[in-house]
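Structure file target_25.txt; described as compact mmCIF, C-alpha atoms.
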# COMPACT_ATOMS: atom_id res chain seq x y z
CA MET A 1 -28.77 12.58 -16.22
CA PRO A 2 -27.17 13.80 -19.49
CA LYS A 3 -27.35 11.46 -22.49
CA GLY A 4 -24.48 9.00 -22.49
CA GLN A 5 -24.18 8.84 -18.73
CA THR A 6 -25.82 6.46 -16.31
CA ALA A 7 -26.53 7.02 -12.63
CA VAL A 8 -25.56 4.05 -10.51
CA VAL A 9 -26.47 3.16 -6.94
CA ARG A 10 -24.52 0.19 -5.70
CA ILE A 11 -25.27 -1.46 -2.37
CA ASP A 12 -22.45 -3.34 -0.66
CA PRO A 13 -22.57 -5.58 2.39
CA ALA A 14 -20.40 -4.75 5.38
CA VAL A 15 -16.79 -5.89 5.04
CA VAL A 16 -15.95 -8.10 8.00
CA ARG A 17 -12.48 -7.61 9.48
CA THR A 18 -11.11 -9.24 12.58
CA PRO A 19 -10.52 -7.12 14.53
CA PRO A 20 -12.62 -4.31 13.03
CA ARG A 21 -10.54 -1.29 11.94
CA GLY A 22 -13.34 1.25 12.05
CA VAL A 23 -13.21 2.07 8.34
CA SER A 24 -16.31 3.11 6.46
CA ASP A 25 -16.86 -0.13 4.56
CA GLU A 26 -17.40 -2.08 7.77
CA VAL A 27 -21.13 -1.24 7.79
CA ARG A 28 -23.62 -1.95 5.03
CA HIS A 29 -23.25 0.95 2.65
CA ALA A 30 -24.21 2.38 -0.73
CA HIS A 31 -22.19 4.05 -3.47
CA LYS A 32 -23.66 6.73 -5.73
CA GLU A 33 -21.73 6.97 -8.99
CA ILE A 34 -21.96 8.22 -12.56
CA VAL A 35 -20.68 5.88 -15.26
CA PRO A 36 -20.43 6.44 -19.03
CA THR A 37 -23.24 4.34 -20.49
CA ALA A 38 -20.82 2.95 -23.06
CA ALA A 39 -18.70 1.52 -20.23
CA LEU A 40 -21.54 -0.66 -18.90
CA THR A 41 -21.54 -4.37 -19.64
CA ARG A 42 -24.74 -6.17 -20.66
CA ARG A 43 -25.22 -7.18 -17.04
CA GLY A 44 -24.94 -3.58 -15.93
CA ASN A 45 -21.50 -3.88 -14.37
CA TYR A 46 -18.50 -1.68 -15.16
CA GLU A 47 -14.81 -1.20 -14.41
CA SER A 48 -14.56 0.58 -11.08
CA SER A 49 -12.09 3.12 -12.47
CA ARG A 50 -14.68 4.40 -14.98
CA ALA A 51 -16.97 5.73 -12.25
CA THR A 52 -17.23 9.30 -11.04
CA THR A 53 -17.79 9.00 -7.32
CA LEU A 54 -20.40 11.04 -5.44
CA ASP A 55 -21.27 11.64 -1.81
CA ASP A 56 -24.72 11.15 -0.27
CA ALA A 57 -25.83 14.59 -1.55
CA ALA A 58 -24.77 13.50 -5.06
CA MET A 59 -21.85 15.97 -5.11
CA LYS A 60 -18.59 14.83 -6.73
CA THR A 61 -16.02 13.75 -4.18
CA THR A 62 -12.76 11.84 -4.09
CA ALA A 63 -12.82 11.54 -0.28
CA ARG A 64 -13.23 7.78 -0.01
CA SER A 65 -14.92 7.79 3.36
CA ARG A 66 -17.64 10.07 1.90
CA THR A 67 -18.24 7.76 -1.05
CA HIS A 68 -19.23 5.00 1.38
CA ILE A 69 -22.73 6.03 2.40
CA PRO A 70 -23.73 4.12 5.52
CA MET A 71 -27.07 2.32 5.54
CA PHE A 72 -28.66 1.61 8.86
CA GLU A 73 -31.71 -0.58 9.42
CA MET B 74 12.08 -7.99 -15.85
CA THR B 75 13.06 -11.64 -16.21
CA VAL B 76 12.81 -14.09 -13.36
CA ASP B 77 15.57 -16.71 -13.08
CA ALA B 78 15.05 -20.12 -11.49
CA THR B 79 16.43 -19.05 -8.10
CA ASP B 80 14.18 -15.99 -7.98
CA ASP B 81 11.25 -18.09 -9.12
CA ALA B 82 11.76 -20.60 -6.28
CA LEU B 83 12.16 -17.79 -3.76
CA LEU B 84 9.06 -16.00 -5.09
CA ARG B 85 7.02 -19.17 -4.79
CA MET B 86 8.26 -19.85 -1.26
CA VAL B 87 7.59 -16.27 -0.12
CA ALA B 88 4.12 -16.26 -1.72
CA CYS B 89 3.25 -19.60 -0.16
CA THR B 90 4.38 -18.42 3.29
CA LEU B 91 2.59 -15.06 3.09
CA VAL B 92 -0.72 -16.64 2.10
CA SER B 93 -0.59 -18.87 5.20
CA ALA B 94 1.19 -16.45 7.54
CA PRO B 95 0.90 -12.83 6.30
CA ALA B 96 2.76 -11.46 9.33
CA ASP B 97 5.81 -13.74 8.94
CA VAL B 98 8.75 -11.35 9.43
CA ASP B 99 11.25 -13.32 7.33
CA ALA B 100 8.80 -13.68 4.43
CA LEU B 101 8.00 -9.95 4.60
CA THR B 102 11.71 -9.07 4.54
CA SER B 103 12.25 -11.33 1.53
CA ALA B 104 9.15 -9.88 -0.16
CA GLU B 105 10.49 -6.36 0.33
CA ARG B 106 13.80 -7.33 -1.25
CA LEU B 107 12.07 -9.04 -4.18
CA ILE B 108 9.90 -5.96 -4.77
CA ALA B 109 12.96 -3.69 -4.62
CA ASP B 110 14.62 -5.95 -7.21
CA GLY B 111 11.66 -5.45 -9.56
CA HIS B 112 9.74 -8.68 -8.90
CA GLY B 113 6.60 -7.10 -7.42
CA LYS B 114 4.41 -8.05 -10.38
CA ALA B 115 5.57 -11.68 -10.26
CA LEU B 116 5.06 -11.79 -6.49
CA LEU B 117 1.45 -10.59 -6.77
CA SER B 118 0.83 -13.11 -9.52
CA MET B 119 2.18 -15.95 -7.36
CA LEU B 120 0.16 -14.78 -4.36
CA MET B 121 -2.95 -14.96 -6.56
CA ASP B 122 -1.99 -18.47 -7.68
CA GLU B 123 -1.43 -19.57 -4.09
CA ARG B 124 -4.75 -18.08 -3.03
CA LYS B 125 -6.52 -19.86 -5.91
CA LEU B 126 -4.96 -23.17 -4.88
CA LYS B 127 -6.02 -22.64 -1.28
CA GLN B 128 -9.55 -21.71 -2.38
CA ALA B 129 -9.78 -24.74 -4.67
CA SER B 130 -9.13 -27.00 -1.68
CA GLY B 131 -11.77 -25.27 0.46
CA SER B 132 -15.34 -24.16 0.04
CA ASN B 133 -14.60 -20.46 -0.38
CA ASP B 134 -16.29 -19.14 -3.54
CA LYS B 135 -15.22 -15.50 -3.16
CA PRO B 136 -13.37 -13.95 -6.12
CA VAL B 137 -9.62 -14.48 -5.74
CA SER B 138 -9.07 -10.72 -5.56
CA SER B 139 -11.34 -10.57 -2.47
CA SER B 140 -9.64 -13.36 -0.60
CA LEU B 141 -6.20 -12.02 -1.56
CA MET B 142 -7.22 -8.60 -0.24
CA ALA B 143 -7.78 -10.11 3.21
CA VAL B 144 -4.17 -11.38 3.10
CA LEU B 145 -2.84 -8.02 1.87
CA GLU B 146 -4.61 -6.21 4.72
CA GLN B 147 -2.65 -8.34 7.17
CA ILE B 148 0.57 -7.86 5.19
CA VAL B 149 0.22 -4.07 5.28
CA GLU B 150 -0.04 -4.22 9.09
CA GLY B 151 3.27 -6.09 9.22
CA ASN B 152 5.11 -4.13 6.54
CA ALA B 153 3.42 -1.04 5.08
CA ARG B 154 5.84 -0.86 2.12
CA VAL B 155 5.22 -4.44 0.99
CA GLY B 156 1.46 -4.21 1.59
CA THR B 157 1.15 -0.89 -0.22
CA SER B 158 3.12 -2.10 -3.21
CA LEU B 159 1.03 -5.25 -3.58
CA MET B 160 -2.29 -3.45 -3.00
CA ALA B 161 -1.34 -0.81 -5.55
CA ARG B 162 -0.66 -3.56 -8.08
CA LEU B 163 -3.97 -5.24 -7.27
CA TYR B 164 -5.82 -1.92 -7.68
CA PRO B 165 -6.03 -1.82 -11.51
CA LEU B 166 -6.69 -5.57 -11.59
CA ALA B 167 -9.63 -5.21 -9.19
CA ALA B 168 -11.00 -2.46 -11.46
CA LYS B 169 -10.74 -4.74 -14.47
CA LEU B 170 -12.29 -7.67 -12.61
CA GLN B 171 -15.16 -5.33 -11.61
CA ASP B 172 -14.48 -6.25 -8.00
CA HIS B 173 -15.77 -2.97 -6.58
CA THR B 174 -15.43 -4.06 -2.95
CA VAL B 175 -11.69 -4.67 -3.27
CA TYR B 176 -11.17 -1.58 -5.43
CA ASN B 177 -12.91 0.61 -2.83
CA ALA B 178 -11.14 -1.12 0.07
CA ILE B 179 -7.74 -0.39 -1.51
CA GLU B 180 -8.71 3.27 -1.86
CA LEU B 181 -9.73 3.38 1.81
CA TRP B 182 -6.36 1.89 2.81
CA MET B 183 -4.50 4.38 0.62
CA ASP B 184 -6.42 7.17 2.35
CA HIS B 185 -5.16 6.08 5.76
CA ILE B 186 -1.71 4.64 5.22
CA SER B 187 1.51 6.52 5.98
CA GLY B 188 5.08 5.65 6.84
CA ALA B 189 8.68 5.93 5.77
CA GLY B 190 9.31 4.49 2.33
CA VAL B 191 5.62 4.13 1.42
CA PRO B 192 5.47 7.03 -1.09
CA GLU B 193 8.65 5.69 -2.72
CA VAL B 194 6.90 2.37 -3.32
CA LEU B 195 4.25 4.16 -5.39
CA SER B 196 6.89 6.25 -7.10
CA MET B 197 8.61 3.02 -8.18
CA LEU B 198 5.34 1.73 -9.68
CA ILE B 199 4.84 5.00 -11.57
CA ARG B 200 8.33 4.68 -13.06
CA GLU B 201 7.53 1.14 -14.25
CA GLY B 202 5.14 2.62 -16.77
CA VAL B 203 1.46 2.13 -15.98
CA ARG B 204 -1.66 3.28 -17.84
CA PRO B 205 -2.05 7.08 -17.68
CA SER B 206 -5.31 6.84 -15.68
CA VAL B 207 -3.66 4.54 -13.12
CA ARG B 208 -0.56 6.78 -13.00
CA VAL B 209 -2.73 9.78 -12.09
CA ARG B 210 -4.33 7.84 -9.26
CA TYR B 211 -0.95 6.59 -7.97
CA GLN B 212 0.37 10.15 -8.07
CA GLU B 213 -2.63 11.47 -6.10
CA ARG B 214 -2.21 8.75 -3.50
CA MET B 215 1.56 9.27 -3.32
CA ARG B 216 1.18 13.00 -2.61
CA ALA B 217 -1.45 12.35 0.07
CA ILE B 218 0.71 9.70 1.74
CA GLN B 219 3.77 12.00 1.64
CA LEU B 220 1.73 14.71 3.37
CA ARG B 221 0.42 12.36 6.05
CA THR B 222 3.89 10.92 6.65
CA LEU B 223 5.33 14.44 7.13
CA GLN B 224 2.50 15.38 9.51
CA ARG B 225 3.05 12.36 11.76
If you took the structure in this file and wrote it as structure tokens, what would it be?
Amino acid sequence: MPKGQTAVVRIDPAVVRTPPRGVSDEVRHAHKEIVPTAALTRRGNYESSRATTLDDAAMKTTARSRTHIPMFE
Amino acid sequence: MTVDATDDALLRMVACTLVSAPADVDALTSAERLIADGHGKALLSMLMDERKLKQASGSNDKPVSSSLMAVLEQIVEGNARVGTSLMARLYPLAAKLQDHTVYNAIELWMDHISGAGVPEVLSMLIREGVRPSVRVRYQERMRAIQLRTLQR
């Protein structure tokens, strides 16, 4: 990772909707992102809009369904 | 945009109704009129207040943006224009609050939503003068929604 940038992997629980709508956040999933190191708080969090979103192969993408990487047990 | 006493009372009543009954047709119609009259920001703020009050009386410890999002998802099913407008206003707030789940959920909704009048709702927000980074995202979403609406 180039200096000044931080690689982030964020794991989110499934979003529960009743009834389910079949969208990609309804299963446990991960996000792979790149965030400017300067944008990180002391606790390691950051404003969502500062992140460059990646797909599972770590390629840049703005397709939201591809940024939700499903995790299956 | 100033809010007079009558508007304020109406805003509060509509917000209170939508938090309890997001599919209420009369409340959605009033909400659409209030948004068209430039009170969208105040309406979102009152919805957040109502949600906070409701949370304070229960045992829900989710961030207010998360519990409001559940309401907005039901609103968008009843009236896509009202739901889109309110979600789009929540979008930069969720970013600031570092509520990634809501931020990502709004993006997923924006990737699927279509319908008459929906792009115009985003166009109205752009004209209100938002941060350049938010404007770019609204514009991207607006174009995608226009395309999907035409293809329907």
(message) as a list in words, please: the residues near segment 54-70 of chain A (cut-off 9 Å, all atoms listed in the file, same-chain neighbours under 3 positions excluded).
(response) Val23, Ser24, Asp25, Val27, Arg28, His29, Ala30, His31, Lys32, Glu33 and Ile34 of chain A; Asn177, Glu180, Leu181 and Asp184 of chain B
With C-alpha atoms retained, write the just-selected residues as a PDB file, in the coordinates of the input.
ATOM      1  CA  VAL A  23     -13.210   2.070   8.340  1.00  0.00           C
ATOM      2  CA  SER A  24     -16.310   3.110   6.460  1.00  0.00           C
ATOM      3  CA  ASP A  25     -16.860  -0.130   4.560  1.00  0.00           C
ATOM      4  CA  VAL A  27     -21.130  -1.240   7.790  1.00  0.00           C
ATOM      5  CA  ARG A  28     -23.620  -1.950   5.030  1.00  0.00           C
ATOM      6  CA  HIS A  29     -23.250   0.950   2.650  1.00  0.00           C
ATOM      7  CA  ALA A  30     -24.210   2.380  -0.730  1.00  0.00           C
ATOM      8  CA  HIS A  31     -22.190   4.050  -3.470  1.00  0.00           C
ATOM      9  CA  LYS A  32     -23.660   6.730  -5.730  1.00  0.00           C
ATOM     10  CA  GLU A  33     -21.730   6.970  -8.990  1.00  0.00           C
ATOM     11  CA  ILE A  34     -21.960   8.220 -12.560  1.00  0.00           C
TER      12      ILE A  34
ATOM     13  CA  ASN B 177     -12.910   0.610  -2.830  1.00  0.00           C
ATOM     14  CA  GLU B 180      -8.710   3.270  -1.860  1.00  0.00           C
ATOM     15  CA  LEU B 181      -9.730   3.380   1.810  1.00  0.00           C
ATOM     16  CA  ASP B 184      -6.420   7.170   2.350  1.00  0.00           C
TER      17      ASP B 184
END
(request) Find the spatial neighbours of Val144 of chain B, counting all atoms listed in the file, within a cut-off of 7 Å - ignore same-chain residues fewer than 4 positions away - and output them as a list in words. (result) Val92, Pro95, Ser140 and Ile148 of chain B
Determine, using only C-alpha atoms, which residues of chain A have any atom at most 6 Å from an atom of chain B, and tabulate each with its shortest atom pair and distance in Å to one decimal place, rows ordered by chain and then rising number, as a tab-separated table.
residue	atom	partner	partner_atom	distance
A:Glu47	CA	B:Ala168	CA	5.0
A:Ser48	CA	B:Ala168	CA	4.7
A:Ser49	CA	B:Ala168	CA	5.8
A:Arg64	CA	B:Leu181	CA	5.9
(request) May I ask for the distance between atom CA of Val16 of chain A and atom CA of Met86 of chain B, given in Å to one decimal place? (result)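 Answer for the atom CA of Val16 of chain A to atom CA of Met86 of chain B separation: 28.5 Å.
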(message) Quick check, in Å to one decimal: how far apart do atom CA of Pro192 of chain B and atom CA of Ser138 of chain B lie?
(response)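 Answer for the atom CA of Pro192 of chain B to atom CA of Ser138 of chain B separation: 23.4 Å.
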(message) So, with all atoms listed in the file as the atoms that count, which of A:Phe72, A:Thr53, A:Asp12, A:Gln5 lies closest to Ala38 of chain A?
(response)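 Nearest to Ala38 of chain A: A:Gln5.
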(request) Enter the distance from atom CA of Thr157 of chain B to atom CA of Ala39 of chain A, in Å, rounded to one decimal. (result) 28.3 Å
(message) Taking (-19.9, 6.3, -20.4) as a centre in this file's frame and 12 Å as the limit, can you find every polymer residue with an atom that close, using all atoms listed in the file, and give them as a list in words?
(response) Met1, Pro2, Lys3, Gly4, Gln5, Thr6, Ala7, Val8, Glu33, Ile34, Val35, Pro36, Thr37, Ala38, Ala39, Leu40, Thr41, Gly44, Asn45, Tyr46, Glu47, Ser49, Arg50, Ala51 and Thr52 of chain A
(request) Within 9 Å of (3.1, -10.4, 5.2) (coordinates as in the file), grab all the protein and nucleic acid residues, counting only C-alpha atoms, and write them out as a list in words. (result)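 The residues that fall inside the cut-off are Thr90, Leu91, Val92, Ala94, Pro95, Ala96, Asp97, Val98, Asp99, Ala100, Leu101, Thr102, Ala104, Val144, Leu145, Glu146, Gln147, Ile148, Val149, Glu150, Gly151, Asn152, Val155 and Gly156 of chain B.
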Please produce a file of the residues just selected, as a compact mmCIF listing (two decimals), in the frame of the given file, where the atoms kept are C-alpha atoms.
# COMPACT_ATOMS: atom_id res chain seq x y z
CA THR B 90 4.38 -18.42 3.29
CA LEU B 91 2.59 -15.06 3.09
CA VAL B 92 -0.72 -16.64 2.10
CA ALA B 94 1.19 -16.45 7.54
CA PRO B 95 0.90 -12.83 6.30
CA ALA B 96 2.76 -11.46 9.33
CA ASP B 97 5.81 -13.74 8.94
CA VAL B 98 8.75 -11.35 9.43
CA ASP B 99 11.25 -13.32 7.33
CA ALA B 100 8.80 -13.68 4.43
CA LEU B 101 8.00 -9.95 4.60
CA THR B 102 11.71 -9.07 4.54
CA ALA B 104 9.15 -9.88 -0.16
CA VAL B 144 -4.17 -11.38 3.10
CA LEU B 145 -2.84 -8.02 1.87
CA GLU B 146 -4.61 -6.21 4.72
CA GLN B 147 -2.65 -8.34 7.17
CA ILE B 148 0.57 -7.86 5.19
CA VAL B 149 0.22 -4.07 5.28
CA GLU B 150 -0.04 -4.22 9.09
CA GLY B 151 3.27 -6.09 9.22
CA ASN B 152 5.11 -4.13 6.54
CA VAL B 155 5.22 -4.44 0.99
CA GLY B 156 1.46 -4.21 1.59
